[in-house]
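The file query_3.cif comes next; it holds mmCIF, C-alpha atoms and all ligand atoms.
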data_query
#
loop_
_atom_site.label_atom_id
_atom_site.label_comp_id
_atom_site.auth_asym_id
_atom_site.auth_seq_id
_atom_site.Cartn_x
_atom_site.Cartn_y
_atom_site.Cartn_z
CA MET A 70 65.15 171.90 -10.49
CA TRP A 71 64.39 174.49 -13.15
CA LEU A 72 60.69 174.74 -12.17
CA THR A 73 61.63 175.76 -8.64
CA SER A 74 65.02 177.43 -9.01
CA SER A 75 64.33 179.86 -11.88
CA SER A 76 61.86 182.71 -11.75
CA ILE A 77 60.45 181.85 -15.22
CA GLY A 78 60.02 178.20 -14.13
CA ARG A 79 58.04 179.25 -11.05
CA LYS A 80 55.83 181.52 -13.15
CA LEU A 81 55.21 178.70 -15.58
CA VAL A 82 54.10 176.43 -12.70
CA MET A 83 51.67 179.18 -11.57
CA ALA A 84 50.33 179.54 -15.12
CA ILE A 85 49.85 175.79 -15.69
CA THR A 86 48.25 175.08 -12.29
CA GLY A 87 46.06 178.19 -12.74
CA LEU A 88 44.92 176.99 -16.16
CA CYS A 89 44.06 173.52 -14.78
CA LEU A 90 42.07 175.14 -11.95
CA VAL A 91 40.17 177.32 -14.45
CA LEU A 92 39.30 174.16 -16.40
CA PHE A 93 38.17 172.45 -13.17
CA VAL A 94 35.97 175.43 -12.22
CA THR A 95 34.44 175.41 -15.74
CA PHE A 96 33.74 171.67 -15.56
CA HIS A 97 32.28 172.10 -12.07
CA CYS A 98 29.99 174.88 -13.27
CA LEU A 99 28.70 172.69 -16.13
CA MET A 100 28.16 169.81 -13.71
CA ASN A 101 26.08 172.06 -11.44
CA ALA A 102 24.03 173.10 -14.49
CA VAL A 103 22.95 169.44 -14.81
CA ALA A 104 21.41 169.75 -11.32
CA ILE A 105 19.10 172.43 -12.73
CA VAL A 106 18.26 170.86 -16.10
CA TYR A 107 18.02 167.22 -14.97
CA PRO A 108 18.46 166.74 -11.18
CA ALA A 109 18.21 162.92 -11.30
CA ALA A 110 21.14 162.81 -13.76
CA TYR A 111 23.11 165.04 -11.38
CA ASN A 112 22.79 162.33 -8.70
CA VAL A 113 24.09 159.74 -11.17
CA ILE A 114 27.15 161.97 -11.77
CA CYS A 115 27.61 162.37 -7.99
CA GLU A 116 27.56 158.60 -7.59
CA PHE A 117 30.10 158.24 -10.41
CA LEU A 118 32.35 160.83 -8.71
CA GLY A 119 32.07 159.19 -5.28
CA ALA A 120 34.90 157.28 -3.60
CA ASN A 121 35.84 155.27 -6.72
CA TRP A 122 39.58 155.03 -7.43
CA TYR A 123 39.42 157.38 -10.46
CA ALA A 124 37.48 160.03 -8.53
CA LEU A 125 39.93 159.73 -5.62
CA VAL A 126 42.91 160.13 -7.99
CA ALA A 127 41.22 163.22 -9.49
CA SER A 128 40.50 164.69 -6.03
CA ILE A 129 44.10 164.15 -4.89
CA GLY A 130 45.36 165.72 -8.15
CA LEU A 131 43.02 168.67 -7.63
CA ALA A 132 44.14 169.16 -4.02
CA ALA A 133 47.78 169.05 -5.21
CA LEU A 134 47.00 171.71 -7.86
CA PHE A 135 45.43 173.99 -5.23
CA ILE A 136 48.36 173.54 -2.81
CA ILE A 137 51.06 174.09 -5.47
CA HIS A 138 49.17 177.11 -6.85
CA ILE A 139 48.83 178.75 -3.41
CA CYS A 140 52.44 178.01 -2.34
CA TYR A 141 53.89 179.36 -5.59
CA ALA A 142 51.61 182.42 -5.44
CA VAL A 143 52.94 183.34 -1.99
CA TRP A 144 56.52 182.63 -3.10
CA LEU A 145 56.26 184.76 -6.26
CA THR A 146 54.53 187.63 -4.43
CA LEU A 147 57.27 187.76 -1.82
CA GLN A 148 59.92 187.55 -4.55
CA ASN A 149 58.30 190.40 -6.54
CA ARG A 150 57.99 192.62 -3.49
CA LYS A 151 61.62 192.06 -2.60
CA ALA A 152 62.72 192.83 -6.16
CA ARG A 153 60.56 195.94 -6.67
CA GLY A 154 60.74 197.35 -3.15
CA THR A 155 58.39 200.28 -2.47
CA ASP A 156 58.07 201.13 -6.20
CA ARG A 157 56.11 198.05 -7.10
CA TYR A 158 53.04 199.96 -8.33
CA ALA A 159 54.96 202.86 -9.92
CA ILE A 160 54.67 201.74 -13.56
CA ASN A 161 51.18 200.69 -14.41
CA SER A 162 49.65 199.87 -17.76
CA ARG A 163 47.10 197.45 -16.41
CA PRO A 164 43.31 197.74 -16.65
CA ALA A 165 41.66 199.17 -13.53
CA THR A 166 40.02 195.88 -12.40
CA VAL A 167 43.28 194.00 -12.82
CA GLU A 168 45.15 196.68 -10.89
CA TRP A 169 42.58 196.58 -8.06
CA SER A 170 42.69 192.76 -7.97
CA SER A 171 46.47 192.77 -8.08
CA GLN A 172 46.68 194.98 -4.99
CA ASN A 173 44.09 192.91 -3.15
CA MET A 174 45.16 189.41 -4.13
CA LEU A 175 45.81 188.41 -0.52
CA VAL A 176 42.32 189.49 0.61
CA LEU A 177 40.74 187.87 -2.48
CA GLY A 178 42.65 184.65 -1.83
CA ILE A 179 41.52 184.58 1.81
CA VAL A 180 37.86 185.19 0.79
CA ILE A 181 38.04 182.33 -1.78
CA LEU A 182 39.69 180.00 0.75
CA ALA A 183 37.01 180.87 3.34
CA PHE A 184 34.31 180.15 0.74
CA LEU A 185 36.02 176.85 -0.14
CA ALA A 186 36.20 175.85 3.55
CA VAL A 187 32.43 176.39 3.95
CA HIS A 188 31.80 174.65 0.60
CA MET A 189 33.91 171.59 1.48
CA ILE A 190 32.14 171.24 4.85
CA GLN A 191 28.72 171.47 3.17
CA PHE A 192 29.43 169.07 0.31
CA TRP A 193 32.72 167.20 0.08
CA ALA A 194 32.90 166.25 3.79
CA LYS A 195 29.37 164.82 3.65
CA MET A 196 29.79 163.11 0.28
CA GLN A 197 33.18 161.79 -0.78
CA LEU A 198 34.79 161.95 2.69
CA GLU A 199 31.91 160.04 4.35
CA GLU A 200 32.15 157.39 1.67
CA ILE A 201 35.91 157.08 2.24
CA ARG A 202 35.39 156.83 6.00
CA GLY A 203 32.56 154.35 5.49
CA CYS A 204 30.28 156.14 7.95
CA GLU A 205 27.19 157.35 6.14
CA GLY A 206 24.77 159.88 7.59
CA VAL A 207 21.01 159.94 7.03
CA ILE A 208 21.48 161.16 3.43
CA PRO A 209 23.47 158.70 1.26
CA PRO A 210 26.56 160.39 -0.29
CA SER A 211 25.33 159.88 -3.86
CA MET A 212 22.23 162.09 -3.34
CA GLY A 213 23.83 165.37 -4.39
CA THR A 214 20.43 167.05 -4.81
CA LEU A 215 19.66 166.55 -1.10
CA PHE A 216 22.99 168.12 -0.11
CA ILE A 217 22.03 171.08 -2.31
CA GLN A 218 18.67 171.12 -0.48
CA GLU A 219 20.47 171.12 2.89
CA ALA A 220 23.09 173.73 1.97
CA PHE A 221 20.80 176.20 0.20
CA SER A 222 17.93 176.06 2.71
CA CYS A 223 20.29 177.91 5.07
CA VAL A 224 19.89 181.68 4.47
CA ALA A 225 23.61 182.37 4.91
CA THR A 226 24.62 180.04 2.06
CA PRO A 227 23.66 182.17 -0.98
CA ILE A 228 25.23 185.23 0.66
CA ILE A 229 28.54 183.43 1.41
CA TYR A 230 28.56 181.86 -2.05
CA ILE A 231 27.89 185.09 -3.93
CA ILE A 232 30.67 186.86 -1.98
CA GLY A 233 32.94 183.91 -2.89
CA PHE A 234 31.91 184.10 -6.58
CA ILE A 235 32.66 187.85 -6.76
CA ALA A 236 36.13 187.25 -5.25
CA LEU A 237 36.58 184.41 -7.73
CA TRP A 238 35.76 186.71 -10.68
CA PHE A 239 38.38 189.28 -9.67
CA HIS A 240 40.88 186.53 -8.90
CA LEU A 241 40.39 184.78 -12.26
CA ASN A 242 40.54 188.06 -14.17
CA HIS A 243 43.81 189.00 -12.55
CA GLY A 244 45.08 185.42 -12.80
CA VAL A 245 44.54 185.20 -16.55
CA TRP A 246 46.10 188.63 -17.11
CA SER A 247 49.19 187.81 -15.05
CA MET A 248 49.46 184.33 -16.60
CA PHE A 249 49.91 185.90 -20.05
CA GLN A 250 52.42 188.36 -18.57
CA SER A 251 54.34 185.58 -16.83
CA ILE A 252 54.81 183.45 -19.88
CA GLY A 253 55.93 186.45 -21.91
CA TRP A 254 52.93 186.85 -24.23
CA ASP A 255 52.64 190.51 -23.38
CA ASN A 256 53.55 192.10 -26.72
CA ASN A 257 51.74 189.98 -29.23
CA ASN A 258 49.10 191.52 -31.46
CA TRP A 259 46.50 188.97 -30.53
CA LEU A 260 47.00 189.40 -26.78
CA PRO A 261 44.10 191.88 -26.34
CA ARG A 262 41.75 189.41 -28.07
CA LEU A 263 42.97 186.57 -25.87
CA LYS A 264 42.42 188.68 -22.79
CA THR A 265 38.90 189.61 -23.96
CA ILE A 266 38.08 185.93 -24.46
CA ALA A 267 39.46 185.17 -20.98
CA THR A 268 37.38 187.95 -19.41
CA TRP A 269 34.24 186.68 -21.16
CA TRP A 270 35.03 183.11 -20.14
CA THR A 271 35.47 183.93 -16.44
CA SER A 272 32.42 186.26 -16.47
CA ILE A 273 30.17 183.59 -18.02
CA VAL A 274 31.38 180.92 -15.58
CA VAL A 275 30.94 183.18 -12.55
CA LEU A 276 27.52 184.44 -13.73
CA LEU A 277 26.41 180.83 -14.20
CA PHE A 278 27.51 180.06 -10.63
CA VAL A 279 25.53 183.07 -9.35
CA ALA A 280 22.44 181.98 -11.33
CA GLN A 281 22.79 178.43 -9.97
CA ALA A 282 23.03 179.68 -6.38
CA ILE A 283 19.83 181.71 -6.90
CA VAL A 284 17.92 178.79 -8.50
CA PHE A 285 19.10 176.34 -5.81
CA THR A 286 18.02 178.75 -3.05
CA CYS A 287 14.54 179.21 -4.58
CA LEU A 288 14.02 175.47 -5.14
CA ALA A 289 15.38 174.50 -1.71
CA SER A 290 13.01 176.98 -0.02
CA SER A 291 10.06 175.05 -1.51
CA ASN A 292 11.64 171.68 -0.54
CA TYR A 293 11.71 170.77 -4.23
CA TYR A 294 14.62 168.33 -3.84
CA LYS A 295 12.76 166.45 -1.10
CA ASN A 296 9.38 166.30 -2.82
CA ASP A 297 9.93 166.02 -6.57
CA PRO A 298 8.34 162.66 -7.61
CA THR A 299 11.16 161.68 -10.03
CA LEU A 300 13.79 162.34 -7.38
CA ARG A 301 11.79 160.48 -4.71
CA GLU A 302 11.62 157.49 -7.03
CA GLN A 303 15.42 157.64 -7.40
CA TYR A 304 15.92 157.97 -3.62
CA LYS A 305 13.64 154.96 -3.14
CA GLU A 306 15.85 152.85 -5.44
CA VAL A 307 19.01 153.77 -3.52
CA ILE A 308 17.46 153.11 -0.10
CA GLY A 309 15.77 149.90 -1.32
CA GLU A 310 19.18 148.66 -2.40
CA LYS A 311 20.50 149.23 1.12
CA VAL A 312 17.65 147.18 2.58
CA GLY A 313 18.25 144.54 -0.08
CA ILE A 314 14.84 144.89 -1.76
CA PRO A 315 14.38 145.77 -5.46
CA ALA A 316 12.79 149.18 -6.13
CA ASP A 317 9.58 147.66 -7.55
CA ARG A 318 8.92 145.87 -4.26
CA PHE A 319 10.13 148.60 -1.93
CA SER A 320 8.02 151.49 -0.70
CA PHE A 321 8.62 154.43 1.63
CA GLU A 322 4.96 154.24 2.68
CA ASN A 323 5.05 150.80 4.23
CA LEU A 324 8.17 150.50 6.34
CA PRO A 325 8.19 148.40 9.53
CA SER A 326 7.81 150.31 12.78
CA GLU A 327 10.79 150.86 15.06
CA GLY A 328 9.12 148.44 17.51
CA ASP A 329 9.09 145.70 14.82
CA LEU A 330 12.75 146.34 14.12
CA LEU A 331 13.70 146.15 17.80
CA GLN A 332 11.87 142.87 18.15
CA ALA A 333 13.51 141.42 15.03
CA GLU A 334 16.89 142.60 16.27
CA GLN A 335 16.47 141.03 19.69
CA GLN A 336 15.47 137.73 18.12
CA LEU A 337 18.40 137.90 15.75
CA SER A 338 20.85 138.61 18.60
CA MET A 339 19.46 135.65 20.47
CA LEU A 340 19.86 133.40 17.44
CA GLU A 341 23.39 134.67 16.73
CA GLY A 342 24.51 133.64 20.21
CA ASN A 343 22.91 130.20 20.18
CA GLU A 344 24.28 127.56 17.82
CA SER A 345 21.76 124.86 18.71
CA MET A 346 18.92 127.29 17.91
CA GLN A 347 20.64 128.11 14.60
CA ALA A 348 20.67 124.39 13.79
CA GLN A 349 17.03 124.08 14.84
CA TYR A 350 15.93 126.92 12.52
CA GLY A 351 18.39 126.02 9.76
CA ALA A 352 19.98 129.50 9.99
CA THR A 353 23.42 129.80 8.32
CA PRO A 354 25.92 132.59 9.24
CA GLU A 355 25.29 134.09 5.79
CA MET A 356 21.53 134.28 6.45
CA LEU A 357 22.12 135.92 9.83
CA LYS A 358 24.44 138.47 8.23
CA GLN A 359 21.81 139.26 5.59
CA GLN A 360 19.15 139.71 8.26
CA ARG A 361 21.35 142.14 10.19
CA GLN A 362 22.03 144.12 7.03
CA MET A 363 18.31 144.22 6.32
CA ILE A 364 17.51 145.51 9.82
CA GLU A 365 20.23 148.17 9.47
CA GLY A 366 18.89 149.03 6.02
CA TYR A 367 15.34 149.42 7.37
CA ARG A 368 16.60 151.58 10.24
CA HIS A 369 18.38 153.81 7.70
CA ALA A 370 15.19 153.88 5.60
CA ILE A 371 13.08 155.01 8.61
CA ASN A 372 15.56 157.82 9.39
CA PHE A 373 15.65 158.82 5.75
CA VAL A 374 11.85 158.94 5.38
CA ASN A 375 11.61 160.97 8.60
CA TYR A 376 14.11 163.40 7.08
CA LEU A 377 12.25 163.59 3.73
CA ASN A 378 8.92 164.17 5.44
CA GLY A 379 10.39 166.90 7.62
CA ASN A 380 10.24 164.84 10.80
CA ASP A 381 13.74 165.05 12.21
CA ALA A 382 13.13 162.62 15.09
CA LYS A 383 15.60 159.81 14.51
CA ALA A 384 14.66 156.14 14.85
CA GLU A 385 15.84 154.95 18.23
CA GLU A 386 19.02 152.99 18.62
CA PRO A 387 18.53 149.25 19.26
CA ALA A 388 17.90 148.30 22.85
CA VAL A 389 20.62 146.25 24.52
CA GLU A 390 18.30 144.41 26.91
CA PRO A 391 18.37 140.60 26.99
CA ALA A 392 16.25 139.10 24.22
CA PRO A 393 12.95 137.40 25.13
CA ALA A 394 12.82 133.65 24.65
CA ALA A 395 10.34 133.84 21.81
CA ALA A 396 10.32 131.98 18.53
CA VAL A 397 12.41 133.82 15.93
CA GLU A 398 10.49 135.54 13.20
CA GLN A 399 12.67 136.82 10.38
CA PRO A 400 11.95 140.36 9.08
CA SER A 401 9.80 139.76 6.06
CA THR A 402 10.38 141.20 2.61
CA GLU A 403 6.96 140.01 1.44
CA THR A 404 5.04 142.76 3.27
CA GLN A 405 6.28 145.36 0.76
CA PRO A 406 3.45 146.43 -1.54
CA GLU A 407 3.87 147.38 -5.17
CA ASN A 408 4.61 151.10 -5.43
C1 LIG B 1 26.53 176.90 -6.80
C2 LIG B 1 27.78 176.60 -6.57
C3 LIG B 1 28.35 175.24 -6.26
C4 LIG B 1 27.73 174.05 -5.95
C5 LIG B 1 26.25 173.74 -5.81
C6 LIG B 1 28.77 173.07 -5.77
C7 LIG B 1 28.57 171.72 -5.44
C8 LIG B 1 29.56 170.79 -5.23
C9 LIG B 1 29.35 169.38 -5.04
C10 LIG B 1 28.00 168.67 -5.03
C11 LIG B 1 30.56 168.80 -4.89
C12 LIG B 1 30.82 167.30 -4.80
C13 LIG B 1 31.37 166.78 -3.55
C14 LIG B 1 31.77 165.32 -3.73
O1 LIG B 1 31.28 164.60 -4.60
O2 LIG B 1 32.61 164.91 -2.95
C15 LIG B 1 31.56 169.85 -4.95
C16 LIG B 1 32.92 169.65 -4.80
C17 LIG B 1 33.87 170.65 -4.94
N1 LIG B 1 33.65 171.97 -5.25
FE1 LIG B 1 31.84 172.80 -5.61
N2 LIG B 1 30.00 173.67 -5.96
C18 LIG B 1 29.79 175.01 -6.27
C19 LIG B 1 30.76 175.97 -6.54
C20 LIG B 1 32.13 175.77 -6.44
C21 LIG B 1 33.15 176.76 -6.74
C22 LIG B 1 32.88 178.17 -7.23
C23 LIG B 1 34.37 176.18 -6.51
C24 LIG B 1 35.76 176.72 -6.66
C25 LIG B 1 36.12 177.94 -6.57
C26 LIG B 1 34.11 174.83 -6.04
C27 LIG B 1 35.08 173.94 -5.67
C28 LIG B 1 34.86 172.62 -5.33
C29 LIG B 1 35.92 171.67 -5.00
C30 LIG B 1 37.42 171.99 -4.96
C31 LIG B 1 35.30 170.44 -4.76
C32 LIG B 1 35.98 169.12 -4.37
C33 LIG B 1 36.14 168.29 -5.61
C34 LIG B 1 36.76 166.93 -5.33
O3 LIG B 1 36.83 166.48 -4.22
O4 LIG B 1 37.16 166.29 -6.29
N3 LIG B 1 32.75 174.61 -6.03
N4 LIG B 1 30.92 171.05 -5.19
#
Could you write out this file's structure as structure tokens?
Ligand code: HEM
Amino acid sequence: MWLTSSSIGRKLVMAITGLCLVLFVTFHCLMNAVAIVYPAAYNVICEFLGANWYALVASIGLAALFIIHICYAVWLTLQNRKARGTDRYAINSRPATVEWSSQNMLVLGIVILAFLAVHMIQFWAKMQLEEIRGCEGVIPPSMGTLFIQEAFSCVATPIIYIIGFIALWFHLNHGVWSMFQSIGWDNNNWLPRLKTIATWWTSIVVLLFVAQAIVFTCLASSNYYKNDPTLREQYKEVIGEKVGIPADRFSFENLPSEGDLLQAEQQLSMLEGNESMQAQYGATPEMLKQQRQMIEGYRHAINFVNYLNGNDAKAEEPAVEPAPAAAVEQPSTETQPEN
């Protein structure tokens, strides 16, 4: 195929995938800016970009872009070195930063990949991946602001990120320069202007990322994302939904104790295994399922409130002892006060 067999085709693939990645990085930077201007809206965007089919298609497309871009970069570099031999830096009309970046592309690429690995572990693995796997942690995947809180309350994060952003700036600068070279736009009159625009573009995006990392670090150090009243109200809605109680009747302040939950769970287990008791209490399988979901929801809520209030002790796992032969009392939703 022309895109793989000819040198110009390969360069074109590099240029197109590079351009798409620059657009992604720009979009990502603007999305992060929402987390500063309006954090609750940022969580709505995170929910929208969760494990829905369109977000999954976009993530797979993005991963494909990264892989193609990296593979072609290695291929073209090897091809260039073979063609130019030891004289590959002999003729040089490039700006100093581009020249430096060009000679250090491998190191820059490794630094960016290392940054991306840390970044994916801190965010993507705990958000979209957990949703795909269906095994949620204490923080629901849609609460992007709490993942920012977690990531940026670690002192190493802003340092790793800023190193990554600097590497990204050099990489983008070189990338844009070589993209124009590759597609043969090297002699046009307007090329210098285009390059200036590209340098400004990448500088603004990278500076915005740096500013965001600084703001996130400052806010996370004061636990802003855990304590802001608007965000807490939003967290309450999400957790209330898991318990199956509307936000206006659900409160973080009046959750059942772990002891209450254990008792309710034991009674439920007993009822689940005894059909005559189910008939006696008029309990349908659907009702039993709802009760189990509610208990699980409350357990999640207890863990979540412990996390928000800085008490990391997790609610205990349910006991597996035989249930006492007591009358079954269903966990009540009526005890929830107005908030
Ligand atoms: C202050 C800086 C940044 C913050 C706070 C941030 C935050 C996030 C968040 C919250 C997600 C969403 C995870 C999800 O919904 O699954 C994400 C995904 C991602 N980020 Fe960043 N990001 C930052 C910088 C960057 C930079 C500079 C790059 C690229 C060089 C980058 C590349 C990615 C990629 C590739 C994904 C995965 C997207 C997907 O799965 O569709 N991020 N980031």
Residues of chain A that approach ligand LIG 1 (chain B) to 7 Å or less, counting only C-alpha atoms and all ligand atoms: could you list each one with the shortest pair of atoms and its distance in Å to one decimal, rows by chain and increasing residue number, as JSON lines?
{"residue": "A:Val94", "atom": "CA", "partner": "B:LIG1", "partner_atom": "C24", "distance": 5.7}
{"residue": "A:His97", "atom": "CA", "partner": "B:LIG1", "partner_atom": "FE1", "distance": 6.5}
{"residue": "A:Cys98", "atom": "CA", "partner": "B:LIG1", "partner_atom": "C19", "distance": 6.9}
{"residue": "A:Asn101", "atom": "CA", "partner": "B:LIG1", "partner_atom": "C5", "distance": 5.9}
{"residue": "A:Cys115", "atom": "CA", "partner": "B:LIG1", "partner_atom": "O1", "distance": 5.5}
{"residue": "A:Leu118", "atom": "CA", "partner": "B:LIG1", "partner_atom": "O1", "distance": 5.7}
{"residue": "A:Gly119", "atom": "CA", "partner": "B:LIG1", "partner_atom": "O1", "distance": 5.5}
{"residue": "A:Ala124", "atom": "CA", "partner": "B:LIG1", "partner_atom": "O4", "distance": 6.7}
{"residue": "A:Ala127", "atom": "CA", "partner": "B:LIG1", "partner_atom": "O4", "distance": 6.0}
{"residue": "A:Ser128", "atom": "CA", "partner": "B:LIG1", "partner_atom": "O4", "distance": 3.7}
{"residue": "A:Leu131", "atom": "CA", "partner": "B:LIG1", "partner_atom": "O4", "distance": 6.5}
{"residue": "A:Ile181", "atom": "CA", "partner": "B:LIG1", "partner_atom": "C25", "distance": 6.8}
{"residue": "A:Leu185", "atom": "CA", "partner": "B:LIG1", "partner_atom": "C27", "distance": 6.3}
{"residue": "A:His188", "atom": "CA", "partner": "B:LIG1", "partner_atom": "FE1", "distance": 6.5}
{"residue": "A:Met189", "atom": "CA", "partner": "B:LIG1", "partner_atom": "C17", "distance": 6.5}
{"residue": "A:Phe192", "atom": "CA", "partner": "B:LIG1", "partner_atom": "C13", "distance": 4.9}
{"residue": "A:Trp193", "atom": "CA", "partner": "B:LIG1", "partner_atom": "O2", "distance": 3.8}
{"residue": "A:Ala194", "atom": "CA", "partner": "B:LIG1", "partner_atom": "O2", "distance": 6.9}
{"residue": "A:Met196", "atom": "CA", "partner": "B:LIG1", "partner_atom": "O2", "distance": 4.7}
{"residue": "A:Gln197", "atom": "CA", "partner": "B:LIG1", "partner_atom": "O2", "distance": 3.8}
{"residue": "A:Leu198", "atom": "CA", "partner": "B:LIG1", "partner_atom": "O2", "distance": 6.7}
{"residue": "A:Gly213", "atom": "CA", "partner": "B:LIG1", "partner_atom": "C10", "distance": 5.4}
{"residue": "A:Ile217", "atom": "CA", "partner": "B:LIG1", "partner_atom": "C5", "distance": 6.1}
{"residue": "A:Tyr230", "atom": "CA", "partner": "B:LIG1", "partner_atom": "C2", "distance": 7.0}
{"residue": "A:Phe234", "atom": "CA", "partner": "B:LIG1", "partner_atom": "C22", "distance": 6.0}
{"residue": "A:Leu237", "atom": "CA", "partner": "B:LIG1", "partner_atom": "C25", "distance": 6.6}
{"residue": "A:Phe278", "atom": "CA", "partner": "B:LIG1", "partner_atom": "C1", "distance": 5.1}
{"residue": "A:Val279", "atom": "CA", "partner": "B:LIG1", "partner_atom": "C1", "distance": 6.8}
{"residue": "A:Gln281", "atom": "CA", "partner": "B:LIG1", "partner_atom": "C1", "distance": 5.1}
{"residue": "A:Ala282", "atom": "CA", "partner": "B:LIG1", "partner_atom": "C1", "distance": 4.5}
Which residue of A:Leu145, A:Leu134, A:Val374, A:Leu182 approaches Tyr304 in chain A most closely, using only C-alpha atoms: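 For Tyr304 in chain A, the nearest of the given residues is A:Val374.
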What is the CA of Gln359 in chain A to CA of Trp122 in chain A distance in Å?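 So the two atoms, CA of Gln359 in chain A and CA of Trp122 in chain A, lie 27.1 Å apart.
Between CA of Ala289 in chain A and CA of Ala186 in chain A the interatomic distance comes to 21.5 Å.
Between CA of Glu322 in chain A and CA of Ile308 in chain A the interatomic distance comes to 12.9 Å.
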Please provide as a list in words all residues within 12 Å of Ile136 in chain A, with the sequence filter that same-chain residues fewer than 5 positions apart are discarded (counting all atoms listed in the file).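 Close residues of Ile136 in chain A: Val82, Met83, Thr86, Gly87, Leu90, Ile129, Gly130, Leu131, Tyr141, Ala142, Val143 and Leu182 of chain A.
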Nearest residue to Gln218 in chain A out of A:Gln360, A:Ser247, A:Thr353, A:Gln191, using all atoms listed in the file?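 Looking at the shortest contact to Gln218 in chain A, the residue is A:Gln191.
Using all atoms listed in the file, the protein and nucleic acid residues lying no more than 9 Å from Ala316 in chain A, apart from those fewer than 3 places from it along its own chain, are Glu302, Gln303, Lys305, Glu306, Val307, Ile308, Gly309, Glu310, Phe319, Ser320 and Asn408 of chain A.
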Return the single residue from A:Thr286, A:Gln349, A:Thr299, A:Asn372 that is closest to Ser326 in chain A, with distances computed using all atoms listed in the file. A:Asn372
Fewer than 3 positions away in the same chain doesn't count, so skip those; otherwise give me all residues within 8 Å of Pro325 in chain A, counting all atoms listed in the file, as a ChimeraX atom specification. /A:329-330,367
Could you write those residues out with C-alpha atoms, as a PDB file, in the coordinates of the input?
ATOM      1  CA  ASP A 329       9.090 145.700  14.820  1.00  0.00           C
ATOM      2  CA  LEU A 330      12.750 146.340  14.120  1.00  0.00           C
ATOM      3  CA  TYR A 367      15.340 149.420   7.370  1.00  0.00           C
TER       4      TYR A 367
END
Considering all atoms listed in the file, state which residue in the set A:Leu147, A:Ile105, A:Ile266, A:Val91 is at the smallest distance from Leu241 in chain A.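 Between A:Leu147, A:Ile105, A:Ile266, A:Val91, the residue approaching Leu241 in chain A most closely is A:Val91.
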What lies within 8 Å of range 200-208 of chain A using all atoms listed in the file, ignoring chain neighbours under 6 positions off, as JSON, numbers by chain? {"A": [119, 120, 215, 216, 369, 372, 373, 376]}
Tell me which of A:Tyr111, A:Trp246, A:Phe117, A:Trp238 sits closest to Thr265 in chain A, counting only C-alpha atoms.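 Selected residue with least distance to Thr265 in chain A: A:Trp246.
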Centre and size of axis-aligned box enclosing range 235-253 of chain A plus 3 Å each side, as lines of an AutoDock Vina configuration file:
center_x = 44.3
center_y = 186.4
center_z = -13.6
size_x = 29.3
size_y = 11.8
size_z = 22.7
How would range 269-281 of chain A read, as a PDB file, keeping the file's coordinate frame, once N, CA and C atoms are built in?
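Full text of rebuild02.pdb as output:
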ATOM      1  N   TRP A 269      35.581 187.208 -20.876  1.00  0.00           N
ATOM      2  CA  TRP A 269      34.240 186.680 -21.160  1.00  0.00           C
ATOM      3  C   TRP A 269      34.066 185.305 -20.522  1.00  0.00           C
ATOM      4  N   TRP A 270      35.083 184.489 -20.683  1.00  0.00           N
ATOM      5  CA  TRP A 270      35.030 183.110 -20.140  1.00  0.00           C
ATOM      6  C   TRP A 270      34.756 183.155 -18.633  1.00  0.00           C
ATOM      7  N   THR A 271      35.614 183.900 -17.905  1.00  0.00           N
ATOM      8  CA  THR A 271      35.470 183.930 -16.440  1.00  0.00           C
ATOM      9  C   THR A 271      34.128 184.570 -16.049  1.00  0.00           C
ATOM     10  N   SER A 272      33.690 185.590 -16.816  1.00  0.00           N
ATOM     11  CA  SER A 272      32.420 186.260 -16.470  1.00  0.00           C
ATOM     12  C   SER A 272      31.250 185.292 -16.661  1.00  0.00           C
ATOM     13  N   ILE A 273      31.280 184.533 -17.769  1.00  0.00           N
ATOM     14  CA  ILE A 273      30.170 183.590 -18.020  1.00  0.00           C
ATOM     15  C   ILE A 273      30.141 182.512 -16.934  1.00  0.00           C
ATOM     16  N   VAL A 274      31.327 181.978 -16.611  1.00  0.00           N
ATOM     17  CA  VAL A 274      31.380 180.920 -15.580  1.00  0.00           C
ATOM     18  C   VAL A 274      30.856 181.461 -14.239  1.00  0.00           C
ATOM     19  N   VAL A 275      31.339 182.639 -13.846  1.00  0.00           N
ATOM     20  CA  VAL A 275      30.940 183.180 -12.550  1.00  0.00           C
ATOM     21  C   VAL A 275      29.446 183.544 -12.550  1.00  0.00           C
ATOM     22  N   LEU A 276      28.953 184.113 -13.668  1.00  0.00           N
ATOM     23  CA  LEU A 276      27.520 184.440 -13.730  1.00  0.00           C
ATOM     24  C   LEU A 276      26.662 183.178 -13.652  1.00  0.00           C
ATOM     25  N   LEU A 277      27.148 182.103 -14.289  1.00  0.00           N
ATOM     26  CA  LEU A 277      26.410 180.830 -14.200  1.00  0.00           C
ATOM     27  C   LEU A 277      26.361 180.332 -12.749  1.00  0.00           C
ATOM     28  N   PHE A 278      27.491 180.455 -12.042  1.00  0.00           N
ATOM     29  CA  PHE A 278      27.510 180.060 -10.630  1.00  0.00           C
ATOM     30  C   PHE A 278      26.492 180.875  -9.825  1.00  0.00           C
ATOM     31  N   VAL A 279      26.468 182.202 -10.083  1.00  0.00           N
ATOM     32  CA  VAL A 279      25.530 183.070  -9.350  1.00  0.00           C
ATOM     33  C   VAL A 279      24.090 182.629  -9.644  1.00  0.00           C
ATOM     34  N   ALA A 280      23.798 182.390 -10.945  1.00  0.00           N
ATOM     35  CA  ALA A 280      22.440 181.980 -11.330  1.00  0.00           C
ATOM     36  C   ALA A 280      22.079 180.655 -10.652  1.00  0.00           C
ATOM     37  N   GLN A 281      23.058 179.735 -10.606  1.00  0.00           N
ATOM     38  CA  GLN A 281      22.790 178.430  -9.970  1.00  0.00           C
ATOM     39  C   GLN A 281      22.482 178.612  -8.482  1.00  0.00           C
TER      40      GLN A 281
END
